[in-house]
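**Q** Input file: input.tsv. Contents: TSV, C-alpha atoms and all ligand atoms.
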chain	number	residue	atom	x	y	z
A	1	MET	CA	-23.28	14.20	-26.10
A	2	LYS	CA	-20.00	13.30	-24.41
A	3	LYS	CA	-19.63	9.78	-23.02
A	4	ASP	CA	-17.83	8.74	-19.84
A	5	PHE	CA	-16.33	5.45	-18.75
A	6	ILE	CA	-16.71	5.20	-15.01
A	7	ALA	CA	-18.00	1.63	-14.79
A	8	ILE	CA	-17.96	-1.35	-17.14
A	9	THR	CA	-21.76	-1.17	-17.16
A	10	ASP	CA	-21.43	2.17	-19.02
A	11	MET	CA	-20.75	0.00	-22.08
A	12	SER	CA	-23.04	-2.46	-23.81
A	13	ARG	CA	-21.80	-5.91	-24.75
A	14	ASP	CA	-21.33	-4.69	-28.33
A	15	GLU	CA	-19.36	-1.65	-27.21
A	16	ILE	CA	-17.08	-3.86	-25.11
A	17	MET	CA	-16.41	-6.16	-28.06
A	18	LYS	CA	-15.84	-3.17	-30.39
A	19	THR	CA	-13.33	-1.80	-27.87
A	20	PHE	CA	-11.43	-5.09	-28.12
A	21	GLU	CA	-11.45	-4.99	-31.94
A	22	LEU	CA	-9.95	-1.50	-31.81
A	23	THR	CA	-7.50	-2.60	-29.11
A	24	LYS	CA	-6.17	-5.32	-31.44
A	25	VAL	CA	-5.67	-2.76	-34.24
A	26	LEU	CA	-3.90	-0.26	-32.00
A	27	LYS	CA	-1.73	-2.97	-30.45
A	28	GLU	CA	-0.65	-4.17	-33.91
A	29	GLU	CA	0.09	-0.59	-34.94
A	30	VAL	CA	2.30	0.17	-31.99
A	31	LYS	CA	4.11	-3.19	-32.28
A	32	ASN	CA	4.84	-2.46	-35.95
A	33	ASN	CA	5.78	1.19	-35.46
A	34	ILE	CA	2.81	2.36	-37.53
A	35	PRO	CA	1.87	5.90	-36.49
A	36	HIS	CA	-1.68	6.18	-35.16
A	37	LYS	CA	-1.97	9.75	-33.96
A	38	ARG	CA	-5.71	9.66	-33.63
A	39	LEU	CA	-5.82	12.17	-30.77
A	40	GLU	CA	-3.39	14.72	-32.17
A	41	GLY	CA	-3.56	18.03	-30.31
A	42	GLN	CA	-5.73	16.59	-27.52
A	43	SER	CA	-4.86	16.55	-23.84
A	44	LEU	CA	-5.85	14.34	-20.92
A	45	ALA	CA	-5.79	15.66	-17.35
A	46	MET	CA	-4.93	12.80	-14.97
A	47	ILE	CA	-5.93	13.31	-11.35
A	48	PHE	CA	-4.37	10.93	-8.84
A	49	ALA	CA	-5.64	11.01	-5.25
A	50	LYS	CA	-3.84	7.67	-4.64
A	51	PRO	CA	-0.47	6.30	-5.83
A	52	SER	CA	-0.08	4.51	-9.18
A	53	ALA	CA	2.53	3.02	-11.51
A	54	ARG	CA	0.59	1.18	-14.24
A	55	THR	CA	-2.38	3.52	-14.55
A	56	ARG	CA	-0.25	6.63	-14.77
A	57	VAL	CA	2.37	5.25	-17.13
A	58	SER	CA	-0.07	3.41	-19.41
A	59	PHE	CA	-2.36	6.42	-19.84
A	60	GLU	CA	0.50	8.87	-20.24
A	61	THR	CA	2.38	6.71	-22.76
A	62	GLY	CA	-0.86	5.81	-24.52
A	63	MET	CA	-1.79	9.48	-24.99
A	64	PHE	CA	1.73	10.16	-26.32
A	65	GLN	CA	1.42	7.34	-28.87
A	66	LEU	CA	-1.96	8.71	-29.96
A	67	GLY	CA	-0.34	12.08	-30.67
A	68	GLY	CA	-1.81	13.78	-27.62
A	69	HIS	CA	-0.53	14.89	-24.26
A	70	ALA	CA	-1.27	13.81	-20.67
A	71	LEU	CA	-0.81	15.88	-17.53
A	72	TYR	CA	-0.11	14.24	-14.18
A	73	LEU	CA	-1.79	15.86	-11.18
A	74	SER	CA	-0.51	14.35	-7.94
A	75	PRO	CA	-2.40	13.83	-4.67
A	76	ASN	CA	-0.90	17.16	-3.49
A	77	ASP	CA	-2.05	19.16	-6.50
A	78	ILE	CA	-5.82	19.10	-6.45
A	79	GLY	CA	-7.12	17.96	-3.08
A	80	ILE	CA	-10.41	16.67	-4.50
A	81	GLY	CA	-13.32	17.57	-2.24
A	82	LYS	CA	-10.96	19.29	0.23
A	83	ARG	CA	-9.05	22.13	-1.45
A	84	GLU	CA	-11.70	22.43	-4.13
A	85	ALA	CA	-15.20	21.09	-4.81
A	86	VAL	CA	-15.35	18.21	-7.28
A	87	LYS	CA	-17.79	20.04	-9.55
A	88	ASP	CA	-15.54	23.08	-9.77
A	89	ILE	CA	-12.43	21.12	-10.72
A	90	ALA	CA	-14.49	19.15	-13.26
A	91	ARG	CA	-15.63	22.39	-14.91
A	92	VAL	CA	-12.19	24.02	-14.83
A	93	LEU	CA	-10.32	21.01	-16.28
A	94	SER	CA	-12.99	20.74	-19.00
A	95	ARG	CA	-12.02	24.25	-20.16
A	96	TYR	CA	-8.39	23.21	-20.75
A	97	ASN	CA	-8.49	19.51	-21.62
A	98	SER	CA	-10.16	17.11	-24.02
A	99	GLY	CA	-10.60	14.43	-21.36
A	100	ILE	CA	-10.17	13.70	-17.66
A	101	MET	CA	-8.87	10.48	-16.12
A	102	ALA	CA	-9.15	10.26	-12.35
A	103	ARG	CA	-8.14	7.90	-9.55
A	104	LEU	CA	-10.17	8.83	-6.48
A	105	PHE	CA	-11.23	7.44	-3.13
A	106	GLU	CA	-14.98	8.01	-3.23
A	107	HIS	CA	-16.93	6.69	-6.18
A	108	LYS	CA	-19.57	9.39	-5.68
A	109	HIS	CA	-16.85	11.94	-6.44
A	110	MET	CA	-16.21	10.13	-9.74
A	111	GLU	CA	-19.93	10.34	-10.55
A	112	GLU	CA	-19.97	14.04	-9.64
A	113	MET	CA	-16.92	14.59	-11.84
A	114	ALA	CA	-18.65	12.92	-14.79
A	115	GLU	CA	-21.87	14.88	-14.23
A	116	ASN	CA	-20.09	18.22	-14.17
A	117	ALA	CA	-17.32	17.78	-16.73
A	118	THR	CA	-18.14	18.73	-20.30
A	119	VAL	CA	-15.41	16.36	-21.57
A	120	PRO	CA	-15.27	12.54	-21.18
A	121	VAL	CA	-14.31	11.23	-17.72
A	122	ILE	CA	-12.49	7.91	-17.34
A	123	ASN	CA	-12.28	6.09	-14.02
A	124	GLY	CA	-8.74	5.03	-13.11
A	125	LEU	CA	-9.92	3.34	-9.85
A	126	THR	CA	-12.11	4.28	-6.91
A	127	ASP	CA	-12.85	2.49	-3.64
A	128	TYR	CA	-15.79	0.92	-5.49
A	129	ASN	CA	-14.36	-0.21	-8.83
A	130	HIS	CA	-11.50	-0.35	-11.35
A	131	PRO	CA	-13.11	-0.67	-14.79
A	132	CYS	CA	-10.02	-0.08	-17.00
A	133	GLN	CA	-8.26	-2.88	-15.12
A	134	VAL	CA	-10.96	-5.46	-15.72
A	135	MET	CA	-11.36	-4.42	-19.38
A	136	ALA	CA	-7.64	-5.13	-19.82
A	137	ASP	CA	-8.02	-8.37	-17.84
A	138	ILE	CA	-10.77	-9.83	-19.98
A	139	PHE	CA	-9.00	-8.71	-23.17
A	140	THR	CA	-5.94	-10.64	-21.94
A	141	VAL	CA	-8.06	-13.72	-21.28
A	142	LEU	CA	-9.47	-13.41	-24.82
A	143	GLU	CA	-5.96	-13.20	-26.28
A	144	HIS	CA	-4.78	-16.28	-24.38
A	145	ARG	CA	-7.88	-18.44	-24.84
A	146	GLY	CA	-8.99	-17.23	-28.27
A	147	ASN	CA	-12.61	-16.94	-27.06
A	148	LEU	CA	-14.65	-16.27	-23.94
A	149	ASN	CA	-16.97	-19.28	-24.25
A	150	ASP	CA	-17.88	-21.17	-21.07
A	151	LEU	CA	-15.51	-19.06	-19.02
A	152	LYS	CA	-15.14	-19.69	-15.31
A	153	VAL	CA	-13.29	-17.04	-13.30
A	154	ALA	CA	-12.38	-17.66	-9.65
A	155	PHE	CA	-11.48	-14.49	-7.79
A	156	VAL	CA	-9.71	-15.54	-4.60
A	157	GLY	CA	-9.39	-12.80	-2.01
A	158	ASP	CA	-11.08	-9.55	-1.09
A	159	GLY	CA	-14.46	-8.51	-2.48
A	160	ASN	CA	-12.84	-5.20	-3.40
A	161	ASN	CA	-12.91	-2.63	-6.21
A	162	VAL	CA	-11.39	-5.05	-8.75
A	163	ALA	CA	-13.85	-7.80	-7.76
A	164	ASN	CA	-16.74	-5.33	-8.16
A	165	SER	CA	-15.61	-4.53	-11.69
A	166	TRP	CA	-15.53	-8.26	-12.49
A	167	ILE	CA	-19.12	-8.48	-11.23
A	168	ASN	CA	-20.01	-5.47	-13.41
A	169	LEU	CA	-18.43	-7.30	-16.34
A	170	ALA	CA	-20.54	-10.36	-15.56
A	171	ALA	CA	-23.58	-8.13	-16.13
A	172	ARG	CA	-22.40	-7.59	-19.73
A	173	LEU	CA	-20.57	-10.79	-20.76
A	174	PRO	CA	-21.78	-14.27	-19.79
A	175	MET	CA	-19.47	-16.14	-17.44
A	176	HIS	CA	-19.36	-18.20	-14.29
A	177	PHE	CA	-17.81	-15.87	-11.70
A	178	VAL	CA	-16.93	-17.24	-8.27
A	179	LEU	CA	-15.56	-15.10	-5.48
A	180	ALA	CA	-13.88	-16.93	-2.60
A	181	SER	CA	-13.43	-14.52	0.29
A	182	PRO	CA	-13.42	-14.72	4.08
A	183	SER	CA	-16.82	-13.93	5.65
A	184	GLY	CA	-17.29	-10.20	6.00
A	185	TYR	CA	-15.20	-9.27	2.96
A	186	ASP	CA	-17.99	-9.44	0.43
A	187	PRO	CA	-18.31	-7.43	-2.78
A	188	SER	CA	-20.76	-4.57	-3.29
A	189	PRO	CA	-24.42	-5.68	-2.87
A	190	GLU	CA	-25.41	-3.15	-5.60
A	191	ALA	CA	-22.95	-4.65	-8.09
A	192	LEU	CA	-24.23	-8.14	-7.24
A	193	ALA	CA	-27.88	-7.12	-7.54
A	194	ASN	CA	-27.20	-5.45	-10.89
A	195	ALA	CA	-25.43	-8.53	-12.27
A	196	GLU	CA	-28.17	-10.79	-10.99
A	197	GLU	CA	-30.77	-8.58	-12.65
A	198	ALA	CA	-28.85	-8.75	-15.96
A	199	GLY	CA	-29.26	-12.51	-15.61
A	200	ILE	CA	-26.60	-13.64	-18.11
A	201	SER	CA	-23.94	-14.98	-15.71
A	202	GLU	CA	-23.75	-17.40	-12.83
A	203	ILE	CA	-22.30	-15.66	-9.78
A	204	GLU	CA	-21.32	-17.43	-6.58
A	205	ILE	CA	-19.84	-16.17	-3.33
A	206	LEU	CA	-17.98	-18.95	-1.52
A	207	HIS	CA	-15.67	-19.13	1.44
A	208	ASP	CA	-13.63	-22.12	0.32
A	209	PRO	CA	-10.82	-21.26	-2.14
A	210	ALA	CA	-10.17	-24.90	-3.16
A	211	GLU	CA	-13.82	-25.32	-4.14
A	212	ALA	CA	-13.79	-21.99	-6.01
A	213	VAL	CA	-10.78	-22.81	-8.22
A	214	LYS	CA	-12.10	-26.22	-9.25
A	215	ASP	CA	-12.53	-26.19	-13.07
A	216	ALA	CA	-11.71	-22.47	-13.24
A	217	ASP	CA	-10.14	-21.10	-16.42
A	218	VAL	CA	-8.82	-18.06	-14.58
A	219	ILE	CA	-7.67	-17.67	-10.99
A	220	TYR	CA	-7.49	-14.02	-10.06
A	221	THR	CA	-6.21	-12.37	-6.92
A	222	ASP	CA	-5.40	-8.90	-5.60
A	223	VAL	CA	-3.93	-7.40	-2.45
A	224	TRP	CA	-5.68	-8.10	0.86
A	225	ALA	CA	-5.54	-4.47	1.99
A	226	SER	CA	-6.28	-1.96	-0.77
A	227	MET	CA	-5.01	1.60	-0.88
A	228	GLY	CA	-6.67	3.44	2.01
A	229	GLN	CA	-7.04	0.26	4.14
A	230	GLU	CA	-3.46	0.20	5.44
A	231	LYS	CA	-4.62	0.38	9.07
A	232	GLU	CA	-6.55	-2.89	8.68
A	233	LYS	CA	-3.52	-4.71	7.29
A	234	GLU	CA	-2.73	-6.92	10.33
A	235	GLU	CA	-6.30	-8.03	10.88
A	236	ARG	CA	-6.74	-8.70	7.16
A	237	MET	CA	-3.51	-10.74	6.99
A	238	LYS	CA	-5.00	-13.16	9.53
A	239	ALA	CA	-8.39	-13.41	7.84
A	240	PHE	CA	-6.98	-13.85	4.33
A	241	MET	CA	-4.06	-16.25	4.91
A	242	PRO	CA	-6.17	-19.33	4.01
A	243	PHE	CA	-6.95	-17.55	0.70
A	244	GLN	CA	-3.34	-17.33	-0.48
A	245	VAL	CA	-2.84	-18.35	-4.12
A	246	ASN	CA	-0.02	-20.88	-3.73
A	247	THR	CA	1.10	-24.22	-5.14
A	248	ASP	CA	-1.26	-26.10	-2.85
A	249	LEU	CA	-4.27	-24.13	-4.14
A	250	MET	CA	-3.05	-24.59	-7.72
A	251	SER	CA	-3.16	-28.37	-7.21
A	252	HIS	CA	-6.99	-28.06	-7.10
A	253	ALA	CA	-7.09	-26.14	-10.41
A	254	LYS	CA	-7.14	-27.22	-14.07
A	255	ASN	CA	-3.76	-27.86	-15.71
A	256	ASP	CA	-4.22	-25.03	-18.20
A	257	CYS	CA	-5.71	-22.42	-15.89
A	258	LEU	CA	-4.47	-18.84	-16.16
A	259	VAL	CA	-3.34	-16.88	-13.09
A	260	MET	CA	-3.94	-13.16	-13.00
A	261	HIS	CA	-3.23	-10.27	-10.62
A	262	CYS	CA	-3.82	-6.59	-11.34
A	263	LEU	CA	-0.54	-5.69	-9.60
A	264	PRO	CA	1.06	-4.30	-7.51
A	265	ALA	CA	1.39	-7.69	-5.80
A	266	HIS	CA	2.43	-8.24	-2.21
A	267	ARG	CA	4.58	-11.24	-2.98
A	268	ASN	CA	4.14	-14.17	-0.60
A	269	GLU	CA	1.03	-12.62	0.92
A	270	GLU	CA	-1.92	-13.03	-1.47
A	271	ILE	CA	0.23	-14.89	-4.04
A	272	THR	CA	3.50	-16.78	-3.71
A	273	ASP	CA	6.58	-16.09	-5.85
A	274	GLU	CA	6.26	-19.58	-7.23
A	275	VAL	CA	2.79	-18.94	-8.67
A	276	LEU	CA	3.35	-15.32	-9.71
A	277	ASP	CA	6.52	-16.25	-11.61
A	278	GLY	CA	5.22	-19.68	-12.64
A	279	PRO	CA	3.96	-21.06	-15.95
A	280	HIS	CA	0.26	-20.25	-15.39
A	281	SER	CA	0.88	-16.56	-14.69
A	282	ILE	CA	-0.02	-14.01	-17.36
A	283	VAL	CA	0.32	-10.96	-15.11
A	284	PHE	CA	2.76	-9.06	-17.33
A	285	ASP	CA	0.65	-9.51	-20.49
A	286	GLU	CA	-2.22	-8.27	-18.34
A	287	ALA	CA	-0.23	-5.21	-17.22
A	288	GLU	CA	0.85	-4.45	-20.81
A	289	ASN	CA	-2.72	-4.66	-22.06
A	290	ARG	CA	-3.78	-1.85	-19.72
A	291	MET	CA	-2.19	0.51	-22.22
A	292	HIS	CA	-3.61	-1.02	-25.39
A	293	VAL	CA	-7.17	-1.28	-24.03
A	294	GLN	CA	-7.10	2.21	-22.54
A	295	LYS	CA	-5.91	3.65	-25.86
A	296	ALA	CA	-8.99	2.12	-27.49
A	297	ILE	CA	-11.21	3.62	-24.78
A	298	LEU	CA	-9.56	7.04	-25.22
A	299	VAL	CA	-10.05	6.93	-29.00
A	300	GLN	CA	-13.68	5.89	-28.66
A	301	LEU	CA	-14.49	8.65	-26.20
A	302	MET	CA	-12.28	11.46	-27.53
A	303	GLU	CA	-11.73	11.08	-31.28
A	304	SER	CA	-13.65	13.79	-33.11
B	1	LIG	N1	-3.16	-2.20	-11.50
B	1	LIG	C1	-3.03	-0.88	-11.28
B	1	LIG	O1	-3.97	-0.09	-11.41
B	1	LIG	O2	-1.78	-0.49	-10.93
B	1	LIG	P1	-1.36	0.94	-10.37
B	1	LIG	O3	-2.02	1.09	-9.02
B	1	LIG	O4	0.14	0.88	-10.27
B	1	LIG	O5	-1.82	1.99	-11.31
B	2	LIG	N1	-7.47	-3.24	-4.88
B	2	LIG	C1	-6.25	-2.53	-5.13
B	2	LIG	C2	-6.01	-2.38	-6.59
B	2	LIG	C3	-4.75	-1.66	-6.98
B	2	LIG	C4	-4.58	-1.51	-8.45
B	2	LIG	C5	-6.32	-1.17	-4.45
B	2	LIG	O1	-7.38	-0.52	-4.54
B	2	LIG	O2	-5.34	-0.76	-3.83
What would the structure in this file look like if it were written as structure tokens?
**A**
Amino acid sequence: MKKDFIAITDMSRDEIMKTFELTKVLKEEVKNNIPHKRLEGQSLAMIFAKPSARTRVSFETGMFQLGGHALYLSPNDIGIGKREAVKDIARVLSRYNSGIMARLFEHKHMEEMAENATVPVINGLTDYNHPCQVMADIFTVLEHRGNLNDLKVAFVGDGNNVANSWINLAARLPMHFVLASPSGYDPSPEALANAEEAGISEIEILHDPAEAVKDADVIYTDVWASMGQEKEKEERMKAFMPFQVNTDLMSHAKNDCLVMHCLPAHRNEEITDEVLDGPHSIVFDEAENRMHVQKAILVQLMES
């Protein structure tokens, strides 16, 4: 039976921790130039319905390091759900490739892709979630803190796809997760209900960023208008300005708190230069870890 990775909840707690053990091994190997061609002769089709830098480059380079090959399919190539039905492209790509990675608008298209592909499907972001991102995020927190005990994460900004993946993670790993967003920009009710049902984390939705960051180990932010929401940019700018991660907000946080952002950042909108380039920021370790964590996911799903 093939396995997919389209949401963090596709993995158990043990599987998540095993992914991180493998990530550490693969990261050591690449740093020490030790060959680890565990996917020799395999290929990954990468469908992008939206732009990308990190996701494309980290998957493509990761597949190369694993001895395989990745193919980039641009927004003009496939036309998911428009030029061709999702289930047809899933079946066709399964005949050529050993795996499919996709960045799509609609999450239901991702589910349809996984249902119809006969090879593993990995989610590289949808309007609903961004599981590879948050796997790399929590791995980065683990590297910096040494453990995930008594972790408080304050996500300051939009209740968007990245926030939903954090909430999915809170259904698998215990944490105190606080989202501070303007009213009306809440995360997915399904993700919240699922995490509440799992019952292992404390989850709060607040509207006061200073209160949210108090005692937080991690302050996380992301753009105010995600890809596909460009038309709402002006209105969002007004609603989100009080939620900017800046020096003033940092004065309410712990001295050793970590600052994270999935990137790309809109500098001096959701986060100021001073904070992004400052001593608390671990955003480039976070970006690097996308590749190491995704390589572990690829090996787990595709190694024969
Ligand atoms: N963080 C992230 O997914 O970046 P890209 O959109 O550049 O892939
Ligand atoms: N929330 C952002 C994340 C980009 C990696 C977006 O969807 O555009």
**Q** Dump the neighbourhood of ligand LIG 1 (chain B) as number ranges by chain: all residues within 10 Å, distances computed on all atoms listed in the file.
**A** A: 48, 50-59, 103, 124-125, 130-134, 136, 162, 222, 226-227, 261-265, 286-287, 290
**Q** Take the residues from that selection and put them in a file with C-alpha atoms, as a PDB file, keeping the file's coordinate frame.
**A**
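part.pdb, written as the output of this step:
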ATOM      1  CA  PHE A  48      -4.370  10.930  -8.840  1.00  0.00           C
ATOM      2  CA  LYS A  50      -3.840   7.670  -4.640  1.00  0.00           C
ATOM      3  CA  PRO A  51      -0.470   6.300  -5.830  1.00  0.00           C
ATOM      4  CA  SER A  52      -0.080   4.510  -9.180  1.00  0.00           C
ATOM      5  CA  ALA A  53       2.530   3.020 -11.510  1.00  0.00           C
ATOM      6  CA  ARG A  54       0.590   1.180 -14.240  1.00  0.00           C
ATOM      7  CA  THR A  55      -2.380   3.520 -14.550  1.00  0.00           C
ATOM      8  CA  ARG A  56      -0.250   6.630 -14.770  1.00  0.00           C
ATOM      9  CA  VAL A  57       2.370   5.250 -17.130  1.00  0.00           C
ATOM     10  CA  SER A  58      -0.070   3.410 -19.410  1.00  0.00           C
ATOM     11  CA  PHE A  59      -2.360   6.420 -19.840  1.00  0.00           C
ATOM     12  CA  ARG A 103      -8.140   7.900  -9.550  1.00  0.00           C
ATOM     13  CA  GLY A 124      -8.740   5.030 -13.110  1.00  0.00           C
ATOM     14  CA  LEU A 125      -9.920   3.340  -9.850  1.00  0.00           C
ATOM     15  CA  HIS A 130     -11.500  -0.350 -11.350  1.00  0.00           C
ATOM     16  CA  PRO A 131     -13.110  -0.670 -14.790  1.00  0.00           C
ATOM     17  CA  CYS A 132     -10.020  -0.080 -17.000  1.00  0.00           C
ATOM     18  CA  GLN A 133      -8.260  -2.880 -15.120  1.00  0.00           C
ATOM     19  CA  VAL A 134     -10.960  -5.460 -15.720  1.00  0.00           C
ATOM     20  CA  ALA A 136      -7.640  -5.130 -19.820  1.00  0.00           C
ATOM     21  CA  VAL A 162     -11.390  -5.050  -8.750  1.00  0.00           C
ATOM     22  CA  ASP A 222      -5.400  -8.900  -5.600  1.00  0.00           C
ATOM     23  CA  SER A 226      -6.280  -1.960  -0.770  1.00  0.00           C
ATOM     24  CA  MET A 227      -5.010   1.600  -0.880  1.00  0.00           C
ATOM     25  CA  HIS A 261      -3.230 -10.270 -10.620  1.00  0.00           C
ATOM     26  CA  CYS A 262      -3.820  -6.590 -11.340  1.00  0.00           C
ATOM     27  CA  LEU A 263      -0.540  -5.690  -9.600  1.00  0.00           C
ATOM     28  CA  PRO A 264       1.060  -4.300  -7.510  1.00  0.00           C
ATOM     29  CA  ALA A 265       1.390  -7.690  -5.800  1.00  0.00           C
ATOM     30  CA  GLU A 286      -2.220  -8.270 -18.340  1.00  0.00           C
ATOM     31  CA  ALA A 287      -0.230  -5.210 -17.220  1.00  0.00           C
ATOM     32  CA  ARG A 290      -3.780  -1.850 -19.720  1.00  0.00           C
TER      33      ARG A 290
END
**Q** What lies within 12 Å of segment 184-198 of chain A using all atoms listed in the file, ignoring chain neighbours under 2 positions off, as a PDB file with C-alpha atoms, keeping the file's coordinate frame?
**A**
ATOM      1  CA  ALA A   7     -18.000   1.630 -14.790  1.00  0.00           C
ATOM      2  CA  ILE A   8     -17.960  -1.350 -17.140  1.00  0.00           C
ATOM      3  CA  THR A   9     -21.760  -1.170 -17.160  1.00  0.00           C
ATOM      4  CA  SER A  12     -23.040  -2.460 -23.810  1.00  0.00           C
ATOM      5  CA  ARG A  13     -21.800  -5.910 -24.750  1.00  0.00           C
ATOM      6  CA  ASP A 127     -12.850   2.490  -3.640  1.00  0.00           C
ATOM      7  CA  TYR A 128     -15.790   0.920  -5.490  1.00  0.00           C
ATOM      8  CA  ASN A 129     -14.360  -0.210  -8.830  1.00  0.00           C
ATOM      9  CA  PHE A 155     -11.480 -14.490  -7.790  1.00  0.00           C
ATOM     10  CA  VAL A 156      -9.710 -15.540  -4.600  1.00  0.00           C
ATOM     11  CA  GLY A 157      -9.390 -12.800  -2.010  1.00  0.00           C
ATOM     12  CA  ASP A 158     -11.080  -9.550  -1.090  1.00  0.00           C
ATOM     13  CA  GLY A 159     -14.460  -8.510  -2.480  1.00  0.00           C
ATOM     14  CA  ASN A 160     -12.840  -5.200  -3.400  1.00  0.00           C
ATOM     15  CA  ASN A 161     -12.910  -2.630  -6.210  1.00  0.00           C
ATOM     16  CA  VAL A 162     -11.390  -5.050  -8.750  1.00  0.00           C
ATOM     17  CA  ALA A 163     -13.850  -7.800  -7.760  1.00  0.00           C
ATOM     18  CA  ASN A 164     -16.740  -5.330  -8.160  1.00  0.00           C
ATOM     19  CA  SER A 165     -15.610  -4.530 -11.690  1.00  0.00           C
ATOM     20  CA  TRP A 166     -15.530  -8.260 -12.490  1.00  0.00           C
ATOM     21  CA  ILE A 167     -19.120  -8.480 -11.230  1.00  0.00           C
ATOM     22  CA  ASN A 168     -20.010  -5.470 -13.410  1.00  0.00           C
ATOM     23  CA  LEU A 169     -18.430  -7.300 -16.340  1.00  0.00           C
ATOM     24  CA  ALA A 170     -20.540 -10.360 -15.560  1.00  0.00           C
ATOM     25  CA  ALA A 171     -23.580  -8.130 -16.130  1.00  0.00           C
ATOM     26  CA  ARG A 172     -22.400  -7.590 -19.730  1.00  0.00           C
ATOM     27  CA  LEU A 173     -20.570 -10.790 -20.760  1.00  0.00           C
ATOM     28  CA  PRO A 174     -21.780 -14.270 -19.790  1.00  0.00           C
ATOM     29  CA  MET A 175     -19.470 -16.140 -17.440  1.00  0.00           C
ATOM     30  CA  HIS A 176     -19.360 -18.200 -14.290  1.00  0.00           C
ATOM     31  CA  PHE A 177     -17.810 -15.870 -11.700  1.00  0.00           C
ATOM     32  CA  VAL A 178     -16.930 -17.240  -8.270  1.00  0.00           C
ATOM     33  CA  LEU A 179     -15.560 -15.100  -5.480  1.00  0.00           C
ATOM     34  CA  ALA A 180     -13.880 -16.930  -2.600  1.00  0.00           C
ATOM     35  CA  SER A 181     -13.430 -14.520   0.290  1.00  0.00           C
ATOM     36  CA  PRO A 182     -13.420 -14.720   4.080  1.00  0.00           C
ATOM     37  CA  ILE A 200     -26.600 -13.640 -18.110  1.00  0.00           C
ATOM     38  CA  SER A 201     -23.940 -14.980 -15.710  1.00  0.00           C
ATOM     39  CA  GLU A 202     -23.750 -17.400 -12.830  1.00  0.00           C
ATOM     40  CA  ILE A 203     -22.300 -15.660  -9.780  1.00  0.00           C
ATOM     41  CA  GLU A 204     -21.320 -17.430  -6.580  1.00  0.00           C
ATOM     42  CA  ILE A 205     -19.840 -16.170  -3.330  1.00  0.00           C
ATOM     43  CA  LEU A 206     -17.980 -18.950  -1.520  1.00  0.00           C
ATOM     44  CA  HIS A 207     -15.670 -19.130   1.440  1.00  0.00           C
ATOM     45  CA  TRP A 224      -5.680  -8.100   0.860  1.00  0.00           C
ATOM     46  CA  ALA A 225      -5.540  -4.470   1.990  1.00  0.00           C
ATOM     47  CA  GLU A 235      -6.300  -8.030  10.880  1.00  0.00           C
ATOM     48  CA  ARG A 236      -6.740  -8.700   7.160  1.00  0.00           C
ATOM     49  CA  ALA A 239      -8.390 -13.410   7.840  1.00  0.00           C
ATOM     50  CA  PHE A 240      -6.980 -13.850   4.330  1.00  0.00           C
ATOM     51  CA  PHE A 243      -6.950 -17.550   0.700  1.00  0.00           C
TER      52      PHE A 243
END
**Q** Take every atom of ligand LIG 2 (chain B) listed in the file, pad by 8 Å on each side, and give me the axis-aligned box centre and edge lengths in Å, one decimal, as lines of an AutoDock Vina configuration file.
**A**
center_x = -6.0
center_y = -1.9
center_z = -6.1
size_x = 18.9
size_y = 18.7
size_z = 20.6
**Q** Under the rule that all atoms listed in the file are counted, which of A:His252, A:Lys233, A:Arg91, A:His69 is the nearest residue to ligand LIG 2 (chain B)?
**A** A:Lys233
**Q** Expressed in Å to a single decimal, how great is the separation between atom CA of Gly79 of chain A and atom CA of Leu44 of chain A?
**A**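 Atom CA of Leu44 of chain A lies 18.2 Å from atom CA of Gly79 of chain A.
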**Q** Work out how far atom CA of Ile282 of chain A is from atom CA of Glu143 of chain A, in Å to one decimal.
**A**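 Interatomic distance here is 10.7 Å.
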**Q** Env of Leu93 of chain A: 9 Å cut, atoms = only C-alpha atoms, seq-sep filter 4 positions within chain, self excluded. Answer as JSON, numbers by chain.
**A** {"A": [45, 88, 89, 97, 98, 99, 100, 117, 119]}
**Q** So how many Å separate atom CA of Ile271 of chain A and atom CA of Gly228 of chain A, to one decimal?
**A**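 A separation of 20.5 Å between them.
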**Q** Rank nothing, just name the residue among A:Val275, A:Val25, A:Leu104, A:Met135 nearest to ligand LIG 2 (chain B), using only C-alpha atoms and all ligand atoms.
**A**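 So, comparing all the options, the nearest one is A:Leu104.
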**Q** Nearest to ligand LIG 2 (chain B): which of A:Thr221, A:Ala85, A:Asn255, A:Lys238 is it, counting all atoms listed in the file?
**A**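 Smallest distance to ligand LIG 2 (chain B) is found for A:Thr221.
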**Q** A:Val213, A:Ala49, A:Ile219, A:Val299: which is nearest ligand LIG 2 (chain B), counting all atoms listed in the file?
**A**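 Counting all atoms listed in the file, the residue closest to ligand LIG 2 (chain B) is A:Ala49.
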